$ cat protein-v1.cif   # mmCIF, C-alpha atoms
data_final
loop_
_atom_site.group_PDB
_atom_site.id
_atom_site.type_symbol
_atom_site.label_atom_id
_atom_site.label_comp_id
_atom_site.auth_asym_id
_atom_site.auth_seq_id
_atom_site.Cartn_x
_atom_site.Cartn_y
_atom_site.Cartn_z
ATOM 1 C CA LEU A 1306 0.000 0.000 0.000
ATOM 2 C CA ALA A 1307 1.391 3.371 -0.986
ATOM 3 C CA LYS A 1308 2.045 5.658 1.962
ATOM 4 C CA THR A 1309 1.636 9.381 1.821
ATOM 5 C CA THR A 1310 3.483 12.340 3.303
ATOM 6 C CA GLN A 1311 1.760 15.657 3.964
ATOM 7 C CA PRO A 1312 2.662 18.751 5.981
ATOM 8 C CA ILE A 1313 1.425 18.452 9.539
ATOM 9 C CA SER A 1314 -0.157 21.894 9.582
ATOM 10 C CA MET A 1315 -0.699 25.026 7.510
ATOM 11 C CA ASP A 1316 -1.993 28.494 8.270
ATOM 12 C CA SER A 1317 -3.816 30.764 5.860
ATOM 13 C CA TYR A 1318 -6.002 33.856 5.795
ATOM 14 C CA GLU A 1319 -9.525 34.216 4.547
ATOM 15 C CA GLY A 1320 -9.723 34.802 0.812
ATOM 16 C CA GLN A 1321 -6.387 33.214 0.010
ATOM 17 C CA GLU A 1322 -5.817 30.180 -2.165
ATOM 18 C CA VAL A 1323 -4.422 27.232 -0.236
ATOM 19 C CA ASN A 1324 -2.355 24.482 -1.803
ATOM 20 C CA ILE A 1325 -1.667 21.305 0.159
ATOM 21 C CA THR A 1326 0.872 18.954 -1.375
ATOM 22 C CA CYS A 1327 1.001 15.233 -0.756
ATOM 23 C CA SER A 1328 3.923 12.956 -1.637
ATOM 24 C CA HIS A 1329 3.282 9.372 -2.643
ATOM 25 C CA ASN A 1330 6.480 8.061 -4.171
ATOM 26 C CA ASN A 1331 5.373 4.430 -4.212
ATOM 27 C CA ILE A 1332 2.040 4.942 -5.936
ATOM 28 C CA ALA A 1333 1.010 1.950 -8.021
ATOM 29 C CA THR A 1334 -0.369 1.974 -11.534
ATOM 30 C CA ASN A 1335 -3.916 1.227 -10.398
ATOM 31 C CA ASP A 1336 -3.957 3.646 -7.474
ATOM 32 C CA TYR A 1337 -6.222 6.660 -7.304
ATOM 33 C CA ILE A 1338 -5.522 9.777 -5.234
ATOM 34 C CA THR A 1339 -8.331 10.831 -2.955
ATOM 35 C CA TRP A 1340 -8.687 13.747 -0.568
ATOM 36 C CA TYR A 1341 -10.952 13.974 2.459
ATOM 37 C CA GLN A 1342 -11.838 16.800 4.814
ATOM 38 C CA GLN A 1343 -12.584 16.315 8.498
ATOM 39 C CA PHE A 1344 -14.064 18.841 10.905
ATOM 40 C CA PRO A 1345 -13.750 18.333 14.666
ATOM 41 C CA SER A 1346 -16.121 15.718 16.062
ATOM 42 C CA GLN A 1347 -17.265 14.664 12.595
ATOM 43 C CA GLY A 1348 -16.449 11.864 10.203
ATOM 44 C CA PRO A 1349 -14.305 12.615 7.143
ATOM 45 C CA ARG A 1350 -15.999 13.926 4.022
ATOM 46 C CA PHE A 1351 -14.916 13.114 0.477
ATOM 47 C CA ILE A 1352 -13.615 16.165 -1.392
ATOM 48 C CA ILE A 1353 -12.086 15.044 -4.659
ATOM 49 C CA GLN A 1354 -10.434 12.147 -6.424
ATOM 50 C CA GLY A 1355 -8.140 11.916 -9.435
ATOM 51 C CA TYR A 1356 -5.838 9.655 -11.360
ATOM 52 C CA LYS A 1357 -3.734 12.030 -13.434
ATOM 53 C CA THR A 1358 -3.534 15.643 -14.671
ATOM 54 C CA LYS A 1359 -6.171 17.940 -13.214
ATOM 55 C CA VAL A 1360 -9.565 17.412 -11.674
ATOM 56 C CA THR A 1361 -11.880 20.214 -10.581
ATOM 57 C CA ASN A 1362 -15.194 20.227 -8.793
ATOM 58 C CA GLU A 1363 -17.253 22.829 -6.966
ATOM 59 C CA VAL A 1364 -15.101 22.551 -3.849
ATOM 60 C CA ALA A 1365 -11.479 22.109 -4.950
ATOM 61 C CA SER A 1366 -8.990 21.280 -7.662
ATOM 62 C CA LEU A 1367 -6.547 18.418 -7.682
ATOM 63 C CA PHE A 1368 -3.314 18.663 -9.636
ATOM 64 C CA ILE A 1369 -1.365 15.498 -10.404
ATOM 65 C CA PRO A 1370 1.924 15.632 -12.347
ATOM 66 C CA ALA A 1371 2.799 13.106 -15.010
ATOM 67 C CA ASP A 1372 4.906 10.922 -12.699
ATOM 68 C CA ARG A 1373 2.031 10.835 -10.142
ATOM 69 C CA LYS A 1374 4.494 10.792 -7.237
ATOM 70 C CA SER A 1375 2.798 13.780 -5.684
ATOM 71 C CA SER A 1376 -0.472 15.645 -5.833
ATOM 72 C CA THR A 1377 -1.686 19.085 -4.789
ATOM 73 C CA LEU A 1378 -5.086 19.916 -3.397
ATOM 74 C CA SER A 1379 -6.018 23.506 -4.178
ATOM 75 C CA LEU A 1380 -8.722 25.297 -2.198
ATOM 76 C CA PRO A 1381 -9.683 28.615 -3.815
ATOM 77 C CA ARG A 1382 -10.433 31.606 -1.597
ATOM 78 C CA VAL A 1383 -10.660 29.805 1.727
ATOM 79 C CA SER A 1384 -12.991 30.919 4.494
ATOM 80 C CA LEU A 1385 -12.954 30.335 8.249
ATOM 81 C CA SER A 1386 -15.200 27.318 7.705
ATOM 82 C CA ASP A 1387 -12.445 25.587 5.736
ATOM 83 C CA THR A 1388 -10.480 25.133 8.966
ATOM 84 C CA ALA A 1389 -10.214 21.350 9.143
ATOM 85 C CA VAL A 1390 -7.884 18.397 8.715
ATOM 86 C CA TYR A 1391 -7.253 17.318 5.131
ATOM 87 C CA TYR A 1392 -6.246 13.763 4.342
ATOM 88 C CA CYS A 1393 -4.526 12.530 1.222
ATOM 89 C CA LEU A 1394 -5.136 8.876 0.439
ATOM 90 C CA VAL A 1395 -3.661 6.671 -2.228
ATOM 91 C CA GLY A 1396 -5.157 3.329 -3.059
ATOM 92 C CA ASP A 1397 -6.827 1.100 -5.535
ATOM 93 C CA ASP A 1398 -10.507 1.270 -6.330
ATOM 94 C CA ILE A 1399 -12.802 -0.017 -3.588
ATOM 95 C CA ALA A 1400 -13.838 -2.923 -5.782
ATOM 96 C CA THR A 1401 -10.272 -4.194 -5.719
ATOM 97 C CA GLY A 1402 -9.341 -3.375 -2.150
ATOM 98 C CA GLY A 1403 -9.676 0.383 -1.998
ATOM 99 C CA PHE A 1404 -10.968 0.150 1.528
ATOM 100 C CA LYS A 1405 -7.469 -0.789 2.527
ATOM 101 C CA THR A 1406 -6.322 2.734 1.768
ATOM 102 C CA ILE A 1407 -4.525 4.332 4.661
ATOM 103 C CA PHE A 1408 -5.472 7.591 6.314
ATOM 104 C CA GLY A 1409 -2.282 9.280 7.511
ATOM 105 C CA ALA A 1410 -2.173 12.020 10.115
ATOM 106 C CA GLY A 1411 -3.432 14.573 7.611
ATOM 107 C CA THR A 1412 -2.753 18.299 7.292
ATOM 108 C CA ARG A 1413 -4.345 20.575 9.826
ATOM 109 C CA LEU A 1414 -5.381 23.766 8.012
ATOM 110 C CA PHE A 1415 -6.128 26.792 10.147
ATOM 111 C CA VAL A 1416 -7.759 29.732 8.398
ATOM 112 C CA LYS A 1417 -7.484 33.067 10.136
ATOM 113 C CA ALA A 1418 -9.615 36.156 9.722
ATOM 114 C CA ASN B 24 -31.848 9.285 3.079
ATOM 115 C CA ALA B 25 -30.369 9.169 6.568
ATOM 116 C CA GLY B 26 -26.989 8.146 5.142
ATOM 117 C CA VAL B 27 -24.741 6.324 7.607
ATOM 118 C CA THR B 28 -26.014 6.198 11.170
ATOM 119 C CA GLN B 29 -24.150 5.047 14.253
ATOM 120 C CA THR B 30 -25.330 4.267 17.750
ATOM 121 C CA PRO B 31 -24.590 5.041 20.474
ATOM 122 C CA LYS B 32 -22.945 8.471 20.178
ATOM 123 C CA PHE B 33 -21.132 8.046 23.473
ATOM 124 C CA GLN B 34 -20.312 4.997 25.581
ATOM 125 C CA VAL B 35 -18.336 4.343 28.734
ATOM 126 C CA LEU B 36 -17.261 0.789 29.502
ATOM 127 C CA LYS B 37 -15.304 -0.888 32.232
ATOM 128 C CA THR B 38 -12.321 -3.045 31.363
ATOM 129 C CA GLY B 39 -13.468 -6.515 30.371
ATOM 130 C CA GLN B 40 -16.985 -5.561 29.362
ATOM 131 C CA SER B 41 -18.246 -6.324 25.885
ATOM 132 C CA MET B 42 -20.513 -4.286 23.674
ATOM 133 C CA THR B 43 -21.642 -3.796 20.103
ATOM 134 C CA LEU B 44 -21.380 -0.572 18.151
ATOM 135 C CA GLN B 45 -24.156 -0.318 15.608
ATOM 136 C CA CYS B 46 -23.803 0.983 12.065
ATOM 137 C CA ALA B 47 -26.475 1.176 9.405
ATOM 138 C CA GLN B 48 -26.703 2.724 5.964
ATOM 139 C CA ASP B 49 -29.702 3.251 3.708
ATOM 140 C CA MET B 50 -27.855 3.910 0.456
ATOM 141 C CA ASN B 51 -27.683 0.264 -0.630
ATOM 142 C CA HIS B 52 -23.894 0.371 -0.566
ATOM 143 C CA GLU B 53 -22.073 -2.911 -0.874
ATOM 144 C CA TYR B 54 -18.944 -1.746 0.901
ATOM 145 C CA MET B 55 -18.796 -0.900 4.587
ATOM 146 C CA SER B 56 -15.941 -0.408 7.007
ATOM 147 C CA TRP B 57 -15.005 0.463 10.559
ATOM 148 C CA TYR B 58 -12.218 2.845 11.552
ATOM 149 C CA ARG B 59 -10.889 4.058 14.846
ATOM 150 C CA GLN B 60 -9.393 7.480 15.398
ATOM 151 C CA ASP B 61 -7.231 8.211 18.401
ATOM 152 C CA PRO B 62 -6.668 11.831 19.518
ATOM 153 C CA GLY B 63 -4.648 13.825 16.997
ATOM 154 C CA MET B 64 -4.249 10.822 14.728
ATOM 155 C CA GLY B 65 -5.561 9.693 11.394
ATOM 156 C CA LEU B 66 -8.073 6.903 10.938
ATOM 157 C CA ARG B 67 -7.033 3.268 11.130
ATOM 158 C CA LEU B 68 -9.046 0.562 9.432
ATOM 159 C CA ILE B 69 -10.349 -2.152 11.778
ATOM 160 C CA HIS B 70 -12.528 -4.373 9.580
ATOM 161 C CA TYR B 71 -14.321 -4.010 6.303
ATOM 162 C CA SER B 72 -16.937 -5.788 4.220
ATOM 163 C CA VAL B 73 -17.370 -5.975 0.467
ATOM 164 C CA GLY B 74 -20.892 -7.340 0.683
ATOM 165 C CA ALA B 75 -23.334 -9.269 2.831
ATOM 166 C CA GLY B 76 -21.656 -12.325 4.286
ATOM 167 C CA ILE B 77 -18.142 -11.162 3.404
ATOM 168 C CA THR B 78 -15.784 -9.479 5.860
ATOM 169 C CA ASP B 79 -12.039 -9.046 6.167
ATOM 170 C CA GLN B 80 -9.498 -7.597 8.533
ATOM 171 C CA GLY B 81 -8.011 -4.175 8.241
ATOM 172 C CA GLU B 82 -4.955 -2.675 9.872
ATOM 173 C CA VAL B 83 -5.940 -3.078 13.554
ATOM 174 C CA PRO B 84 -8.450 -5.936 13.894
ATOM 175 C CA ASN B 85 -7.377 -7.421 17.238
ATOM 176 C CA GLY B 86 -10.047 -7.253 19.918
ATOM 177 C CA TYR B 87 -12.872 -6.619 17.458
ATOM 178 C CA ASN B 88 -15.319 -8.799 15.584
ATOM 179 C CA VAL B 89 -17.691 -7.945 12.762
ATOM 180 C CA SER B 90 -20.433 -9.634 10.789
ATOM 181 C CA ARG B 91 -22.484 -8.570 7.780
ATOM 182 C CA SER B 92 -25.764 -10.422 7.635
ATOM 183 C CA THR B 93 -27.541 -7.697 5.654
ATOM 184 C CA THR B 94 -26.468 -5.023 3.203
ATOM 185 C CA GLU B 95 -27.665 -2.300 5.571
ATOM 186 C CA ASP B 96 -26.018 -3.249 8.859
ATOM 187 C CA PHE B 97 -22.407 -3.724 9.904
ATOM 188 C CA PRO B 98 -22.051 -4.026 13.700
ATOM 189 C CA LEU B 99 -18.688 -3.918 15.450
ATOM 190 C CA ARG B 100 -18.265 -6.026 18.577
ATOM 191 C CA LEU B 101 -15.740 -5.379 21.282
ATOM 192 C CA LEU B 102 -15.120 -8.742 22.898
ATOM 193 C CA SER B 103 -13.425 -7.661 26.133
ATOM 194 C CA ALA B 104 -12.893 -3.935 26.328
ATOM 195 C CA ALA B 105 -9.463 -2.577 27.211
ATOM 196 C CA PRO B 106 -8.342 0.994 27.949
ATOM 197 C CA SER B 107 -6.329 0.903 24.701
ATOM 198 C CA GLN B 108 -9.629 0.745 22.838
ATOM 199 C CA THR B 109 -10.625 4.183 24.051
ATOM 200 C CA SER B 110 -11.139 6.019 20.778
ATOM 201 C CA VAL B 111 -13.652 7.466 18.363
ATOM 202 C CA TYR B 112 -15.091 4.857 16.048
ATOM 203 C CA PHE B 113 -16.311 5.714 12.565
ATOM 204 C CA CYS B 114 -18.322 3.554 10.250
ATOM 205 C CA ALA B 115 -18.298 4.213 6.503
ATOM 206 C CA SER B 116 -19.940 2.884 3.378
ATOM 207 C CA GLY B 117 -19.284 3.179 -0.338
ATOM 208 C CA THR B 118 -20.497 2.105 -3.738
ATOM 209 C CA GLY B 119 -17.258 0.476 -4.788
ATOM 210 C CA LEU B 120 -16.999 2.587 -7.930
ATOM 211 C CA ASN B 121 -14.264 4.784 -6.533
ATOM 212 C CA ASN B 122 -12.672 5.563 -3.217
ATOM 213 C CA GLU B 123 -15.531 7.784 -2.087
ATOM 214 C CA GLN B 124 -16.690 6.663 1.333
ATOM 215 C CA PHE B 125 -19.555 8.137 3.327
ATOM 216 C CA PHE B 126 -18.813 8.339 7.027
ATOM 217 C CA GLY B 127 -21.135 8.215 9.989
ATOM 218 C CA PRO B 128 -21.000 10.726 12.866
ATOM 219 C CA GLY B 129 -18.879 8.471 15.050
ATOM 220 C CA THR B 130 -19.119 6.792 18.450
ATOM 221 C CA ARG B 131 -16.929 8.121 21.219
ATOM 222 C CA LEU B 132 -15.902 5.185 23.426
ATOM 223 C CA THR B 133 -14.135 5.414 26.758
ATOM 224 C CA VAL B 134 -12.864 2.305 28.506
ATOM 225 C CA LEU B 135 -12.017 2.739 32.167
#
$ encode --input "protein-v1.cif" --output "structure tokens"
Amino acid sequence: LAKTTQPISMDSYEGQEVNITCSHNNIATNDYITWYQQFPSQGPRFIIQGYKTKVTNEVASLFIPADRKSSTLSLPRVSLSDTAVYYCLVGDDIATGGFKTIFGAGTRLFVKA
Amino acid sequence: NAGVTQTPKFQVLKTGQSMTLQCAQDMNHEYMSWYRQDPGMGLRLIHYSVGAGITDQGEVPNGYNVSRSTTEDFPLRLLSAAPSQTSVYFCASGTGLNNEQFFGPGTRLTVL
């Protein structure tokens, strides 16, 4: 199972763009990259998933370079409510064992006014 | 849809007691799993199920049992509670089409 490395914490201000980078040097050919968000006292919430290049949804963008050894979650114009822990996961599709993906310690994002 | 529900929200046990944490989902998801989260840590997979009647161990299965008799329910049993099992327990479900999992609100368990 590919392990991931993320910064332990990041600070930002409201209105700024935040980029959180995740390293996954041992990513396998079939692995997807998935990001979750977790607020205190709540379960994680799926944000975005990608395999290569760029993926964008209404919440975030995910940038994945050609070698796929890292990925960057981009949160545009963050607000105080984006203060949370963000987890980068790498693993195969659920149908082939994706539930064995590993949640690391995550990145604690603190957005200040 | 209620999504993923967990009961109880809070539980205090004495060492050696047993109990069952309940998890149910109404999204007809085949895949369900149990995680534990210790303070300041990420989630660790305890057990998971890829369908009714099929379960497998995750990263930290010792001291826990699971069964999956229906698609909707995936209870987690603590056989003989220990203080090291004090944690927040999350149940999740998914369709299997990607790594998107839907998490329940969690059960905060304290073992004295």
$ residues_near_point --input "protein-v1.cif" --point "(-23.0, -1.5, 15.1)" --cutoff "6 Å" --atoms "all atoms listed in the file" --output "list of chain:residue names"
B:Thr43, B:Leu44, B:Gln45, B:Cys46, B:Phe97, B:Pro98, B:Leu99
$ resolve_selection --input "protein-v1.cif" --expression "the PyMOL selection byres ((chain B and resi 88) around 10)" --output "ChimeraX atom specification"
/B:43,69-70,78-80,84-87,89-90,98-102
$ atom_distance --input "protein-v1.cif" --atom1 "atom CA of A:Val1364" --atom2 "atom CA of B:Pro128"
21.3 Å
$ resolve_selection --input "protein-v1.cif" --expression "the PyMOL selection byres ((chain B and resi 92) around 12)" --output "list in words"
Ala47, Glu53, Ser72, Val73, Gly74, Ala75, Gly76, Ile77, Thr78, Val89, Ser90, Arg91, Thr93, Thr94, Glu95, Asp96, Phe97 and Pro98 of chain B
$ residues_around --input "protein-v1.cif" --residues "B:Gly127" --least-positions-apart "5" --cutoff "10 Å" --atoms "only C-alpha atoms" --output "JSON, numbers by chain"
{"A": [1347, 1348, 1349, 1350], "B": [25, 26, 27, 28, 29, 30, 46, 47, 48, 57, 112, 113, 114, 115, 116]}
$ closest_atom_pairs --input "protein-v1.cif" --of "chain B" --to "chain A" --cutoff "9 Å" --atoms "all atoms listed in the file" --output "CSV"
residue,atom,partner,partner_atom,distance
B:Tyr54,CA,A:Ile1399,CA,7.8
B:Met55,CA,A:Phe1404,CA,8.5
B:Ser56,CA,A:Phe1404,CA,7.4
B:Gly63,CA,A:Ala1410,CA,7.5
B:Met64,CA,A:Ala1410,CA,5.2
B:Gly65,CA,A:Ala1410,CA,4.3
B:Leu66,CA,A:Phe1408,CA,5.3
B:Arg67,CA,A:Phe1408,CA,6.7
B:Leu68,CA,A:Lys1405,CA,7.2
B:Tyr71,CA,A:Phe1404,CA,7.2
B:Ser72,CA,A:Phe1404,CA,8.8
B:Val73,CA,A:Ala1400,CA,7.8
B:Gly81,CA,A:Lys1405,CA,6.7
B:Glu82,CA,A:Lys1405,CA,8.0
B:Val111,CA,A:Ser1346,CA,8.9
B:Phe113,CA,A:Gly1348,CA,6.6
B:Cys114,CA,A:Gly1348,CA,8.5
B:Ala115,CA,A:Gly1348,CA,8.7
B:Gly117,CA,A:Ile1399,CA,7.9
B:Thr118,CA,A:Ile1399,CA,8.0
B:Gly119,CA,A:Ile1399,CA,4.6
B:Leu120,CA,A:Ile1399,CA,6.6
B:Asn121,CA,A:Asp1398,CA,5.1
B:Asn122,CA,A:Ile1399,CA,5.6
B:Glu123,CA,A:Phe1351,CA,5.9
B:Gln124,CA,A:Phe1351,CA,6.7
B:Phe125,CA,A:Arg1350,CA,6.8
B:Phe126,CA,A:Gly1348,CA,5.3
B:Gly127,CA,A:Gly1348,CA,5.9
B:Pro128,CA,A:Gly1348,CA,5.4
B:Gly129,CA,A:Gly1348,CA,6.4
$ atom_distance --input "protein-v1.cif" --atom1 "atom CA of A:Asn1362" --atom2 "atom CA of A:Arg1382"
14.3 Å
$ resolve_selection --input "protein-v1.cif" --expression "the PyMOL selection byres ((chain A and resi 1366-1369) around 10)" --output "PyMOL selection string"
chain A and resi 1324-1327+1338-1340+1352-1365+1370-1381
$ closest_residue --input "protein-v1.cif" --among "A:Ser1317, A:Ser1384, A:Gln1311, A:Val1416" --to "A:His1329" --atoms "all atoms listed in the file"
A:Gln1311
$ atom_distance --input "protein-v1.cif" --atom1 "atom CA of B:Leu135" --atom2 "atom CA of B:Pro62"
16.5 Å
$ residues_around --input "protein-v1.cif" --residues "A:Leu1385" --least-positions-apart "3" --cutoff "9 Å" --atoms "all atoms listed in the file" --output "PyMOL selection string"
chain A and resi 1318-1319+1388+1415-1418
$ closest_residue --input "protein-v1.cif" --among "B:Thr133, B:Ala104, B:Asn24, B:Ser110" --to "B:Gln60" --atoms "only C-alpha atoms"
B:Ser110
$ closest_residue --input "protein-v1.cif" --among "A:Gln1321, A:Leu1414, A:Asp1316, A:Lys1308" --to "A:Ala1333" --atoms "all atoms listed in the file"
A:Lys1308
$ axis_aligned_box --input "protein-v1.cif" --around "stretch 55-62 of chain B" --padding-each-side "6 Å" --output "lines of an AutoDock Vina configuration file"
center_x = -12.7
center_y = 5.5
center_z = 12.1
size_x = 24.1
size_y = 24.7
size_z = 26.9
$ closest_residue --input "protein-v1.cif" --among "B:Thr109, B:Ser103, B:Ser41, B:Gln34" --to "B:Arg59" --atoms "all atoms listed in the file"
B:Thr109
